[in-house]
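Visitor: Sharing query-v1.json here; it has JSON, C-alpha atoms (C1' of nucleotides).
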[["chain", "number", "residue", "atom", "x", "y", "z"],
["A", 1, "MET", "CA", 123.76, 121.82, 119.74],
["A", 2, "TYR", "CA", 124.58, 118.80, 117.65],
["A", 3, "ARG", "CA", 125.52, 118.21, 114.09],
["A", 4, "ILE", "CA", 123.85, 115.34, 112.30],
["A", 5, "GLY", "CA", 126.66, 112.85, 112.65],
["A", 6, "GLU", "CA", 127.06, 113.65, 116.30],
["A", 7, "LEU", "CA", 123.39, 113.17, 117.13],
["A", 8, "ALA", "CA", 123.32, 110.00, 115.07],
["A", 9, "LYS", "CA", 126.30, 108.53, 116.86],
["A", 10, "LEU", "CA", 124.90, 109.44, 120.28],
["A", 11, "ASN", "CA", 121.76, 107.50, 119.44],
["A", 12, "GLN", "CA", 123.48, 104.72, 117.53],
["A", 13, "ILE", "CA", 121.68, 105.35, 114.31],
["A", 14, "ASN", "CA", 122.75, 106.39, 110.82],
["A", 15, "ALA", "CA", 122.89, 110.06, 109.81],
["A", 16, "ASP", "CA", 120.87, 109.06, 106.76],
["A", 17, "THR", "CA", 118.14, 107.91, 109.09],
["A", 18, "LEU", "CA", 117.91, 111.40, 110.57],
["A", 19, "ARG", "CA", 117.59, 112.90, 107.10],
["A", 20, "TYR", "CA", 114.94, 110.32, 106.37],
["A", 21, "TYR", "CA", 113.04, 111.25, 109.51],
["A", 22, "GLU", "CA", 113.23, 114.89, 108.52],
["A", 23, "LYS", "CA", 111.93, 114.20, 105.05],
["A", 24, "ASN", "CA", 109.04, 112.32, 106.59],
["A", 25, "GLY", "CA", 108.14, 115.02, 109.05],
["A", 26, "LEU", "CA", 109.23, 113.27, 112.21],
["A", 27, "LEU", "CA", 112.16, 115.41, 113.25],
["A", 28, "LYS", "CA", 113.15, 118.73, 111.79],
["A", 29, "PRO", "CA", 116.40, 120.22, 113.09],
["A", 30, "SER", "CA", 115.73, 123.52, 114.85],
["A", 31, "GLY", "CA", 118.21, 125.33, 112.63],
["A", 32, "ARG", "CA", 121.01, 125.39, 110.11],
["A", 33, "SER", "CA", 124.56, 126.65, 110.43],
["A", 34, "ALA", "CA", 125.86, 129.47, 108.21],
["A", 35, "SER", "CA", 127.19, 126.84, 105.83],
["A", 36, "GLY", "CA", 123.95, 124.91, 105.69],
["A", 37, "TYR", "CA", 124.68, 122.14, 108.17],
["A", 38, "ARG", "CA", 121.74, 120.83, 110.16],
["A", 39, "VAL", "CA", 121.81, 121.94, 113.79],
["A", 40, "TYR", "CA", 119.87, 120.00, 116.40],
["A", 41, "ASN", "CA", 119.19, 121.39, 119.89],
["A", 42, "ASP", "CA", 118.30, 119.58, 123.10],
["A", 43, "ALA", "CA", 114.58, 119.62, 122.36],
["A", 44, "ASP", "CA", 115.30, 117.98, 119.01],
["A", 45, "ALA", "CA", 117.43, 115.38, 120.75],
["A", 46, "GLN", "CA", 114.62, 114.68, 123.18],
["A", 47, "GLN", "CA", 112.13, 114.29, 120.38],
["A", 48, "LEU", "CA", 114.47, 111.85, 118.70],
["A", 49, "ARG", "CA", 114.57, 109.80, 121.89],
["A", 50, "PHE", "CA", 110.75, 109.88, 121.91],
["A", 51, "ILE", "CA", 110.77, 108.53, 118.37],
["A", 52, "LEU", "CA", 113.31, 105.81, 119.06],
["A", 53, "ARG", "CA", 111.57, 104.75, 122.23],
["A", 54, "ALA", "CA", 108.21, 104.49, 120.48],
["A", 55, "LYS", "CA", 109.86, 102.57, 117.67],
["A", 56, "ALA", "CA", 111.42, 100.15, 120.14],
["A", 57, "ILE", "CA", 107.98, 99.63, 121.65],
["A", 58, "GLY", "CA", 106.89, 98.61, 118.17],
["A", 59, "PHE", "CA", 105.10, 101.61, 116.70],
["A", 60, "SER", "CA", 105.48, 102.33, 113.01],
["A", 61, "LEU", "CA", 106.81, 105.70, 111.90],
["A", 62, "THR", "CA", 103.32, 106.70, 110.78],
["A", 63, "GLU", "CA", 101.95, 105.89, 114.20],
["A", 64, "ILE", "CA", 104.79, 107.76, 115.83],
["A", 65, "GLN", "CA", 103.91, 110.78, 113.75],
["A", 66, "GLU", "CA", 100.40, 110.62, 115.20],
["A", 67, "LEU", "CA", 101.78, 110.26, 118.71],
["A", 68, "LEU", "CA", 104.02, 113.28, 118.18],
["A", 69, "GLU", "CA", 101.11, 115.31, 116.91],
["A", 70, "ILE", "CA", 99.15, 114.40, 120.02],
["A", 71, "ASP", "CA", 102.14, 115.05, 122.24],
["A", 72, "HIS", "CA", 102.60, 118.51, 120.75],
["A", 73, "ASN", "CA", 98.95, 119.36, 121.26],
["A", 74, "ARG", "CA", 98.18, 117.54, 124.45],
["A", 75, "ALA", "CA", 95.48, 119.99, 125.47],
["A", 76, "GLN", "CA", 93.41, 119.12, 122.41],
["A", 77, "TRP", "CA", 93.39, 115.40, 123.06],
["A", 78, "ALA", "CA", 91.87, 113.20, 125.71],
["A", 79, "CYS", "CA", 93.58, 110.43, 127.59],
["A", 80, "GLN", "CA", 91.15, 107.97, 126.07],
["A", 81, "ASP", "CA", 92.35, 108.85, 122.56],
["A", 82, "VAL", "CA", 95.89, 107.93, 123.44],
["A", 83, "LYS", "CA", 94.89, 104.85, 125.41],
["A", 84, "GLY", "CA", 92.68, 103.81, 122.50],
["A", 85, "MET", "CA", 95.61, 103.93, 120.10],
["A", 86, "VAL", "CA", 97.77, 101.86, 122.39],
["A", 87, "GLU", "CA", 95.08, 99.28, 123.01],
["A", 88, "ALA", "CA", 94.23, 98.98, 119.31],
["A", 89, "LYS", "CA", 97.89, 98.31, 118.67],
["A", 90, "ALA", "CA", 97.91, 95.69, 121.43],
["A", 91, "VAL", "CA", 95.01, 93.87, 119.78],
["A", 92, "LEU", "CA", 96.83, 93.86, 116.46],
["A", 93, "ILE", "CA", 99.91, 92.43, 118.09],
["A", 94, "GLN", "CA", 97.89, 89.76, 119.83],
["A", 95, "THR", "CA", 96.45, 88.70, 116.49],
["A", 96, "LYS", "CA", 99.93, 88.43, 115.07],
["A", 97, "ILE", "CA", 101.02, 86.38, 118.07],
["A", 98, "ASP", "CA", 98.09, 84.01, 117.64],
["A", 99, "GLU", "CA", 98.98, 83.48, 113.99],
["A", 100, "LEU", "CA", 102.59, 82.77, 114.78],
["A", 101, "VAL", "CA", 101.70, 80.36, 117.57],
["A", 102, "GLN", "CA", 99.54, 78.47, 115.11],
["A", 103, "PHE", "CA", 102.38, 78.45, 112.62],
["A", 104, "ARG", "CA", 104.83, 77.22, 115.22],
["A", 105, "ASP", "CA", 102.45, 74.44, 116.23],
["A", 106, "SER", "CA", 102.07, 73.37, 112.59],
["A", 107, "LEU", "CA", 105.81, 73.14, 112.27],
["A", 108, "GLN", "CA", 106.15, 71.28, 115.54],
["A", 109, "HIS", "CA", 103.51, 68.86, 114.40],
["A", 110, "LEU", "CA", 105.41, 68.18, 111.20],
["A", 111, "ALA", "CA", 108.74, 67.82, 112.98],
["A", 112, "ASP", "CA", 107.36, 65.53, 115.65],
["A", 113, "ALA", "CA", 106.04, 63.11, 113.05],
["A", 114, "CYS", "CA", 109.42, 62.96, 111.29],
["A", 115, "CYS", "CA", 111.92, 60.30, 112.32],
["A", 116, "GLY", "CA", 114.71, 62.79, 111.75],
["A", 117, "GLY", "CA", 117.16, 60.01, 111.07],
["A", 118, "PRO", "CA", 120.01, 59.76, 108.60],
["A", 119, "GLU", "CA", 117.88, 57.61, 106.28],
["A", 120, "SER", "CA", 116.97, 58.84, 102.85],
["A", 121, "ALA", "CA", 114.04, 61.22, 102.74],
["A", 122, "GLU", "CA", 112.36, 58.87, 100.27],
["A", 123, "HIS", "CA", 109.46, 58.44, 102.68],
["A", 124, "CYS", "CA", 109.85, 61.61, 104.73],
["A", 125, "SER", "CA", 106.61, 62.36, 106.52],
["A", 126, "ILE", "CA", 107.15, 66.10, 106.26],
["A", 127, "LEU", "CA", 107.47, 66.09, 102.48],
["A", 128, "ASP", "CA", 104.58, 63.64, 102.28],
["A", 129, "ALA", "CA", 102.42, 65.99, 104.28],
["A", 130, "LEU", "CA", 103.18, 68.81, 101.86],
["A", 131, "GLU", "CA", 102.60, 66.55, 98.88],
["A", 132, "ALA", "CA", 99.33, 65.19, 100.20],
["A", 133, "ASN", "CA", 96.28, 65.47, 98.02],
["A", 134, "SER", "CA", 93.44, 67.16, 99.85],
["B", 1, "MET", "CA", 95.45, 70.30, 81.37],
["B", 2, "TYR", "CA", 94.83, 73.80, 82.59],
["B", 3, "ARG", "CA", 95.41, 77.22, 81.21],
["B", 4, "ILE", "CA", 96.83, 79.82, 83.54],
["B", 5, "GLY", "CA", 93.57, 81.53, 84.42],
["B", 6, "GLU", "CA", 91.89, 78.23, 85.08],
["B", 7, "LEU", "CA", 94.60, 76.98, 87.42],
["B", 8, "ALA", "CA", 94.69, 80.31, 89.16],
["B", 9, "LYS", "CA", 90.95, 80.35, 89.73],
["B", 10, "LEU", "CA", 90.95, 76.78, 91.01],
["B", 11, "ASN", "CA", 93.49, 77.77, 93.63],
["B", 12, "GLN", "CA", 92.10, 81.20, 94.31],
["B", 13, "ILE", "CA", 95.19, 83.05, 93.31],
["B", 14, "ASN", "CA", 96.04, 85.57, 90.63],
["B", 15, "ALA", "CA", 97.32, 84.48, 87.20],
["B", 16, "ASP", "CA", 100.10, 87.03, 87.70],
["B", 17, "THR", "CA", 101.16, 85.10, 90.77],
["B", 18, "LEU", "CA", 101.66, 81.97, 88.67],
["B", 19, "ARG", "CA", 103.79, 83.92, 86.21],
["B", 20, "TYR", "CA", 105.72, 85.27, 89.17],
["B", 21, "TYR", "CA", 106.28, 81.75, 90.52],
["B", 22, "GLU", "CA", 107.49, 80.66, 87.11],
["B", 23, "LYS", "CA", 109.91, 83.56, 86.86],
["B", 24, "ASN", "CA", 111.27, 82.62, 90.26],
["B", 25, "GLY", "CA", 111.70, 78.98, 89.47],
["B", 26, "LEU", "CA", 108.95, 77.59, 91.66],
["B", 27, "LEU", "CA", 106.54, 76.30, 89.06],
["B", 28, "LYS", "CA", 107.20, 75.91, 85.38],
["B", 29, "PRO", "CA", 104.22, 74.83, 83.26],
["B", 30, "SER", "CA", 104.93, 71.48, 81.63],
["B", 31, "GLY", "CA", 104.20, 72.87, 78.19],
["B", 32, "ARG", "CA", 102.92, 75.56, 75.89],
["B", 33, "SER", "CA", 100.08, 75.44, 73.40],
["B", 34, "ALA", "CA", 100.70, 76.04, 69.71],
["B", 35, "SER", "CA", 99.85, 79.68, 70.24],
["B", 36, "GLY", "CA", 102.16, 80.09, 73.21],
["B", 37, "TYR", "CA", 99.69, 79.72, 76.06],
["B", 38, "ARG", "CA", 101.03, 78.13, 79.22],
["B", 39, "VAL", "CA", 99.71, 74.61, 79.76],
["B", 40, "TYR", "CA", 99.76, 73.06, 83.22],
["B", 41, "ASN", "CA", 99.21, 69.34, 83.81],
["B", 42, "ASP", "CA", 98.13, 67.50, 86.95],
["B", 43, "ALA", "CA", 101.67, 67.20, 88.27],
["B", 44, "ASP", "CA", 102.05, 70.97, 87.93],
["B", 45, "ALA", "CA", 98.77, 71.45, 89.75],
["B", 46, "GLN", "CA", 99.96, 69.20, 92.54],
["B", 47, "GLN", "CA", 103.22, 71.09, 92.83],
["B", 48, "LEU", "CA", 101.26, 74.31, 93.07],
["B", 49, "ARG", "CA", 99.29, 72.85, 95.96],
["B", 50, "PHE", "CA", 102.59, 71.89, 97.59],
["B", 51, "ILE", "CA", 103.75, 75.49, 97.25],
["B", 52, "LEU", "CA", 100.54, 76.98, 98.57],
["B", 53, "ARG", "CA", 100.41, 74.57, 101.46],
["B", 54, "ALA", "CA", 103.99, 75.34, 102.45],
["B", 55, "LYS", "CA", 103.26, 79.03, 102.15],
["B", 56, "ALA", "CA", 100.21, 78.69, 104.39],
["B", 57, "ILE", "CA", 102.41, 76.94, 106.92],
["B", 58, "GLY", "CA", 104.57, 80.05, 106.83],
["B", 59, "PHE", "CA", 107.54, 79.22, 104.62],
["B", 60, "SER", "CA", 108.98, 81.92, 102.41],
["B", 61, "LEU", "CA", 109.20, 81.33, 98.67],
["B", 62, "THR", "CA", 112.95, 80.89, 98.97],
["B", 63, "GLU", "CA", 112.47, 78.21, 101.59],
["B", 64, "ILE", "CA", 109.80, 76.55, 99.49],
["B", 65, "GLN", "CA", 112.25, 76.43, 96.63],
["B", 66, "GLU", "CA", 114.62, 74.50, 98.88],
["B", 67, "LEU", "CA", 111.83, 72.16, 99.94],
["B", 68, "LEU", "CA", 110.90, 71.51, 96.32],
["B", 69, "GLU", "CA", 114.50, 70.76, 95.46],
["B", 70, "ILE", "CA", 114.63, 68.25, 98.31],
["B", 71, "ASP", "CA", 111.27, 66.82, 97.33],
["B", 72, "HIS", "CA", 112.40, 66.30, 93.76],
["B", 73, "ASN", "CA", 115.55, 64.54, 94.87],
["B", 74, "ARG", "CA", 114.37, 62.76, 97.96],
["B", 75, "ALA", "CA", 116.89, 59.97, 97.57],
["B", 76, "GLN", "CA", 119.76, 62.39, 97.96],
["B", 77, "TRP", "CA", 118.54, 63.85, 101.21],
["B", 78, "ALA", "CA", 118.14, 62.52, 104.70],
["B", 79, "CYS", "CA", 115.14, 62.90, 106.93],
["B", 80, "GLN", "CA", 117.25, 64.84, 109.37],
["B", 81, "ASP", "CA", 117.96, 67.50, 106.73],
["B", 82, "VAL", "CA", 114.28, 68.16, 106.28],
["B", 83, "LYS", "CA", 113.52, 67.97, 109.97],
["B", 84, "GLY", "CA", 116.42, 70.33, 110.60],
["B", 85, "MET", "CA", 114.94, 72.93, 108.26],
["B", 86, "VAL", "CA", 111.57, 72.71, 109.91],
["B", 87, "GLU", "CA", 112.98, 72.94, 113.40],
["B", 88, "ALA", "CA", 115.22, 75.87, 112.52],
["B", 89, "LYS", "CA", 112.17, 77.64, 111.21],
["B", 90, "ALA", "CA", 110.29, 76.82, 114.42],
["B", 91, "VAL", "CA", 113.06, 78.41, 116.49],
["B", 92, "LEU", "CA", 112.91, 81.56, 114.36],
["B", 93, "ILE", "CA", 109.19, 81.77, 114.84],
["B", 94, "GLN", "CA", 109.52, 81.27, 118.56],
["B", 95, "THR", "CA", 111.96, 84.18, 118.70],
["B", 96, "LYS", "CA", 109.48, 86.35, 116.83],
["B", 97, "ILE", "CA", 106.73, 85.30, 119.21],
["B", 98, "ASP", "CA", 108.85, 86.17, 122.21],
["B", 99, "GLU", "CA", 109.54, 89.62, 120.79],
["B", 100, "LEU", "CA", 105.89, 90.27, 120.12],
["B", 101, "VAL", "CA", 104.86, 89.09, 123.56],
["B", 102, "GLN", "CA", 107.33, 91.53, 125.06],
["B", 103, "PHE", "CA", 105.97, 94.27, 122.82],
["B", 104, "ARG", "CA", 102.40, 93.45, 123.79],
["B", 105, "ASP", "CA", 103.33, 93.53, 127.47],
["B", 106, "SER", "CA", 104.98, 96.93, 127.04],
["B", 107, "LEU", "CA", 101.82, 98.27, 125.46],
["B", 108, "GLN", "CA", 99.65, 96.71, 128.14],
["B", 109, "HIS", "CA", 101.85, 98.26, 130.79],
["B", 110, "LEU", "CA", 101.42, 101.68, 129.21],
["B", 111, "ALA", "CA", 97.68, 101.28, 128.78],
["B", 112, "ASP", "CA", 97.14, 100.02, 132.30],
["B", 113, "ALA", "CA", 98.82, 103.06, 133.79],
["B", 114, "CYS", "CA", 96.63, 105.43, 131.76],
["B", 115, "CYS", "CA", 93.37, 106.66, 133.24],
["B", 116, "GLY", "CA", 91.81, 106.50, 129.80],
["B", 117, "GLY", "CA", 89.30, 109.16, 130.69],
["B", 118, "PRO", "CA", 87.86, 112.03, 128.67],
["B", 119, "GLU", "CA", 90.19, 114.48, 130.39],
["B", 120, "SER", "CA", 92.82, 116.35, 128.44],
["B", 121, "ALA", "CA", 95.99, 114.42, 127.76],
["B", 122, "GLU", "CA", 97.94, 117.22, 129.39],
["B", 123, "HIS", "CA", 99.28, 114.77, 131.94],
["B", 124, "CYS", "CA", 98.81, 111.52, 130.03],
["B", 125, "SER", "CA", 101.01, 108.84, 131.54],
["B", 126, "ILE", "CA", 101.57, 107.20, 128.17],
["B", 127, "LEU", "CA", 102.94, 110.32, 126.53],
["B", 128, "ASP", "CA", 104.94, 111.06, 129.68],
["B", 129, "ALA", "CA", 106.50, 107.62, 129.49],
["B", 130, "LEU", "CA", 107.60, 108.26, 125.91],
["B", 131, "GLU", "CA", 108.86, 111.72, 126.78],
["B", 132, "ALA", "CA", 110.79, 110.57, 129.83],
["B", 133, "ASN", "CA", 114.47, 111.36, 130.02],
["B", 134, "SER", "CA", 116.50, 108.24, 130.54],
["C", 1, "DA", "C1'", 148.20, 124.14, 102.46],
["C", 2, "DT", "C1'", 146.46, 119.95, 102.38],
["C", 3, "DA", "C1'", 144.38, 115.63, 103.91],
["C", 4, "DA", "C1'", 140.80, 113.51, 106.64],
["C", 5, "DA", "C1'", 136.52, 113.69, 108.27],
["C", 6, "DC", "C1'", 132.59, 115.85, 108.10],
["C", 7, "DC", "C1'", 128.49, 117.91, 105.70],
["C", 8, "DT", "C1'", 125.11, 119.01, 101.52],
["C", 9, "DT", "C1'", 121.59, 117.40, 97.79],
["C", 10, "DT", "C1'", 119.40, 114.32, 94.55],
["C", 11, "DG", "C1'", 118.21, 110.11, 93.33],
["C", 12, "DA", "C1'", 118.44, 105.21, 93.13],
["C", 13, "DG", "C1'", 118.59, 100.61, 95.40],
["C", 14, "DT", "C1'", 117.22, 97.25, 98.98],
["C", 15, "DT", "C1'", 113.53, 93.06, 100.49],
["C", 16, "DA", "C1'", 109.21, 90.14, 99.70],
["C", 17, "DA", "C1'", 105.71, 88.81, 97.22],
["C", 18, "DG", "C1'", 103.19, 90.07, 94.39],
["C", 19, "DT", "C1'", 99.95, 93.47, 91.42],
["C", 20, "DC", "C1'", 98.94, 96.31, 87.54],
["C", 21, "DC", "C1'", 99.44, 98.24, 82.98],
["C", 22, "DA", "C1'", 99.92, 98.65, 77.92],
["C", 23, "DA", "C1'", 100.02, 96.85, 73.51],
["C", 24, "DG", "C1'", 99.00, 93.22, 71.18],
["C", 25, "DG", "C1'", 97.77, 88.02, 69.80],
["C", 26, "DT", "C1'", 94.06, 84.04, 70.20],
["C", 27, "DC", "C1'", 89.87, 81.61, 70.83],
["C", 28, "DA", "C1'", 84.82, 80.63, 71.28],
["C", 29, "DA", "C1'", 80.25, 82.15, 70.64],
["C", 30, "DC", "C1'", 76.71, 84.38, 68.17],
["D", 1, "DG", "C1'", 83.06, 88.81, 61.31],
["D", 2, "DT", "C1'", 83.10, 90.79, 65.27],
["D", 3, "DT", "C1'", 82.61, 91.08, 70.24],
["D", 4, "DG", "C1'", 84.46, 89.66, 74.66],
["D", 5, "DA", "C1'", 87.14, 86.85, 77.38],
["D", 6, "DC", "C1'", 91.29, 85.01, 77.52],
["D", 7, "DC", "C1'", 96.34, 84.89, 76.77],
["D", 8, "DT", "C1'", 101.36, 86.91, 75.74],
["D", 9, "DT", "C1'", 105.50, 90.00, 77.08],
["D", 10, "DG", "C1'", 108.05, 93.62, 79.37],
["D", 11, "DG", "C1'", 108.31, 96.66, 82.68],
["D", 12, "DA", "C1'", 106.69, 99.73, 86.32],
["D", 13, "DC", "C1'", 104.55, 100.08, 90.88],
["D", 14, "DT", "C1'", 103.44, 98.78, 95.72],
["D", 15, "DT", "C1'", 104.97, 99.00, 101.41],
["D", 16, "DA", "C1'", 108.37, 100.16, 105.16],
["D", 17, "DA", "C1'", 112.21, 101.96, 106.66],
["D", 18, "DC", "C1'", 115.99, 102.81, 105.54],
["D", 19, "DT", "C1'", 120.82, 102.70, 102.99],
["D", 20, "DC", "C1'", 124.04, 103.93, 99.55],
["D", 21, "DA", "C1'", 126.33, 106.49, 95.83],
["D", 22, "DA", "C1'", 127.87, 110.54, 93.37],
["D", 23, "DA", "C1'", 129.55, 115.00, 93.18],
["D", 24, "DG", "C1'", 130.66, 118.54, 95.58],
["D", 25, "DG", "C1'", 131.22, 122.11, 99.78],
["D", 26, "DT", "C1'", 133.15, 122.81, 104.91],
["D", 27, "DT", "C1'", 135.81, 122.13, 109.02],
["D", 28, "DT", "C1'", 139.60, 120.63, 111.64],
["D", 29, "DA", "C1'", 144.13, 119.08, 112.48],
["D", 30, "DT", "C1'", 148.74, 118.91, 111.20]]
As a first step, turn the structure in this file into structure tokens.
Guide:
Amino acid sequence: MYRIGELAKLNQINADTLRYYEKNGLLKPSGRSASGYRVYNDADAQQLRFILRAKAIGFSLTEIQELLEIDHNRAQWACQDVKGMVEAKAVLIQTKIDELVQFRDSLQHLADACCGGPESAEHCSILDALEANS
Amino acid sequence: MYRIGELAKLNQINADTLRYYEKNGLLKPSGRSASGYRVYNDADAQQLRFILRAKAIGFSLTEIQELLEIDHNRAQWACQDVKGMVEAKAVLIQTKIDELVQFRDSLQHLADACCGGPESAEHCSILDALEANS
DNA sequence: ATAAACCTTTGAGTTAAGTCCAAGGTCAAC
DNA sequence: GTTGACCTTGGACTTAACTCAAAGGTTTAT
């Protein structure tokens, strides 16, 4: 049994984050104390670790909600559903990687063409490239 | 001489975006018509292309503002200042790429271990991995 | 008995880069 | 002389995932 601050500290997050997760349907404490304090049990703590692990992997909170729903009703889902979600996410990430690689290459291209010296930037090739008509 | 809608259309952006750029000090129209309409000249149009090109490369509007400032005062800056900015940005992007590659590998790892079949997810290795204690 | 450290709720603020809306003024065509 | 397309301003809204503040109640230690 944990109080909110305790559970937060154990997982190195902010108590506000736990309230936020509750408001968004990700983690509801199993009970409340007589005075209204949130009380989390071990199952709650485990679910929180599920959430944080999935987040670290890169899932959004909305996606995590879907994963939790599946996890709580495993019998009603097929392995391929879950694998499909993960693979779709992988494709998205790959797209993002490709974009960034292209971006990095553009930058590298600009930097490579620049003398990089202490001279005035009057004729800087980088600025010229950005100025260029066309 | 262009009016806001004209310049926007030519560059395939929204007129609101031009007003937003003005508010944020990126592009001030060189004048106003008698009735208060924004009037952009060719130099303005060229600066807009500078902005859009830098944005396509991946710079944030704040960074573009810095680039513009340098561009407008080239004599006061050295090539190495500009090159430094570009290279710093490249390092940041590389870091982001590394993170995403790691994320993608994590996902791939999960997906590879999953049978992906039409069977119930009762014993899905992906969900198990997220559930795992430790 | 009181101070410190915790908890409660509601609601607003944060970042980035726009996008949309309302209420109204202007311009060109027919 | 009146549509319709354009323009003006100010301000609110969007997404994601928190984070903070205010005003007050509870618990724990001294």
Visitor: Identify, on the basis of all atoms listed in the file, every residue whose closest approach to C:DC6 does not exceed 12 Å; exclude the query and any residue fewer than 3 positions from it along the same chain; express the result as a PDB file with C-alpha atoms (C1' of nucleotides), in the coordinates of the input.
Guide:
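Result file result08.pdb:
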ATOM      1  CA  ARG A   3     125.520 118.210 114.090  1.00  0.00           C
ATOM      2  CA  ILE A   4     123.850 115.340 112.300  1.00  0.00           C
ATOM      3  CA  GLY A   5     126.660 112.850 112.650  1.00  0.00           C
ATOM      4  CA  GLU A   6     127.060 113.650 116.300  1.00  0.00           C
ATOM      5  CA  ALA A  15     122.890 110.060 109.810  1.00  0.00           C
ATOM      6  CA  TYR A  37     124.680 122.140 108.170  1.00  0.00           C
TER       7      TYR A  37
ATOM      8  C1'  DG D  25     131.220 122.110  99.780  1.00  0.00           C
ATOM      9  C1'  DT D  26     133.150 122.810 104.910  1.00  0.00           C
ATOM     10  C1'  DT D  27     135.810 122.130 109.020  1.00  0.00           C
ATOM     11  C1'  DT D  28     139.600 120.630 111.640  1.00  0.00           C
TER      12       DT D  28
END
Visitor: When you count all atoms listed in the file, which of these residues is closest to chain C: A:Gln102, A:Ser60, A:Gln65, A:Ser33?
Guide: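 Under the stated criterion, the closest residue is A:Ser33.
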Visitor: Once the least-squares fit of chain B onto chain A is done over all Cα atoms matched in order, how many Å of RMSD are left?
Guide: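 Across the paired C-alpha atoms, the RMSD reaches 0.1 Å.
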Visitor: Every residue with an atom at most 12 Å from (91.7, 86.8, 74.8) (file coordinates; all atoms listed in the file) is what I'm after, so could you write them as an mmCIF file with C-alpha atoms (C1' of nucleotides), keeping the file's coordinate frame?
Guide:
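Below is the file point_27.cif, written as the result:
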data_model
loop_
_atom_site.group_PDB
_atom_site.id
_atom_site.type_symbol
_atom_site.label_atom_id
_atom_site.label_comp_id
_atom_site.auth_asym_id
_atom_site.auth_seq_id
_atom_site.Cartn_x
_atom_site.Cartn_y
_atom_site.Cartn_z
ATOM 1 C CA GLY B 5 93.570 81.530 84.420
ATOM 2 C CA SER B 35 99.850 79.680 70.240
ATOM 3 C CA TYR B 37 99.690 79.720 76.060
ATOM 4 C "C1'" DG C 24 99.000 93.220 71.180
ATOM 5 C "C1'" DG C 25 97.770 88.020 69.800
ATOM 6 C "C1'" DT C 26 94.060 84.040 70.200
ATOM 7 C "C1'" DC C 27 89.870 81.610 70.830
ATOM 8 C "C1'" DA C 28 84.820 80.630 71.280
ATOM 9 C "C1'" DT D 3 82.610 91.080 70.240
ATOM 10 C "C1'" DG D 4 84.460 89.660 74.660
ATOM 11 C "C1'" DA D 5 87.140 86.850 77.380
ATOM 12 C "C1'" DC D 6 91.290 85.010 77.520
ATOM 13 C "C1'" DC D 7 96.340 84.890 76.770
ATOM 14 C "C1'" DT D 8 101.360 86.910 75.740
#
Visitor: Could you write out as a list of chain:residue names the residues of chain B within 6 Å of chain A, counting only C-alpha atoms?
Guide: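 Listed by rising number, the hits are B:Phe50, B:Ile57, B:Arg74, B:Ala75, B:Trp77, B:Ala78, B:Cys79, B:Gln80, B:Lys83, B:Ala90, B:Ile97, B:Phe103, B:Arg104, B:Ala111, B:Gly116, B:Gly117, B:Pro118, B:Glu119, B:Ser120, B:Ala121, B:Glu122, B:Cys124, B:Leu130, B:Glu131.
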Visitor: Could you tell me which residues of chain C sit within 12 Å of chain A when counting only C-alpha atoms (C1' of nucleotides), and give me the result as a compact mmCIF listing (two decimals) with C-alpha atoms (C1' of nucleotides), keeping the file's coordinate frame?
Guide:
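Result file is out_4.txt:
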# COMPACT_ATOMS: atom_id res chain seq x y z
C1' DA C 5 136.52 113.69 108.27
C1' DC C 6 132.59 115.85 108.10
C1' DC C 7 128.49 117.91 105.70
C1' DT C 8 125.11 119.01 101.52
C1' DT C 9 121.59 117.40 97.79
Visitor: Find the distance between atom CA of A:Leu27 and atom CA of A:Asp44 and write it in Å to one decimal.
Guide: 7.0 Å
Visitor: As lines of an AutoDock Vina configuration file, what would the box around stretch 78-82 of chain B look like: edges along x, y and z, 3 Å added on every side, centre and edge lengths in Å to one decimal?
Guide:
center_x = 116.2
center_y = 65.3
center_z = 107.0
size_x = 9.9
size_y = 11.6
size_z = 10.7
Visitor: For a quick check of understanding, using only C-alpha atoms (C1' of nucleotides), which of D:DA22, D:DG1, D:DA12, D:DA17 has the smallest distance to C:DG11?
Guide: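 Answer, going by the shortest atom-to-atom distance: D:DA22.
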Visitor: If we count all atoms listed in the file and set the cut-off at 10 Å, which residues sit around C:DG18, ignoring sequence neighbours fewer than 5 positions away in its own chain? Please answer as a VMD selection string.
Guide: (chain B and resid 14 16 to 17 20 to 21) or (chain D and resid 14)
Visitor: One decimal, in Å: what's the spacing between atom C1' of D:DT15 and atom CA of B:Glu66?
Guide: 26.5 Å
Visitor: Counting all atoms listed in the file, which of A:Ser30, A:Gln12, A:Asn24, A:Asn41 gets nearest to chain D?
Guide: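 Closest candidate: A:Asn24.
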Visitor: Would you work out the distance separating atom C1' of D:DT9 from atom CA of B:Leu18, expressed in Å to one decimal?
Guide: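 Rounded to one decimal, the two atoms are 14.6 Å apart.
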Visitor: Check the smallest atom-to-atom distance from each of A:Tyr2, A:Lys9, A:Lys28, A:Lys55 to chain D using all atoms listed in the file, then report the winner.
Guide: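 Answer, going by the shortest atom-to-atom distance: A:Lys55.
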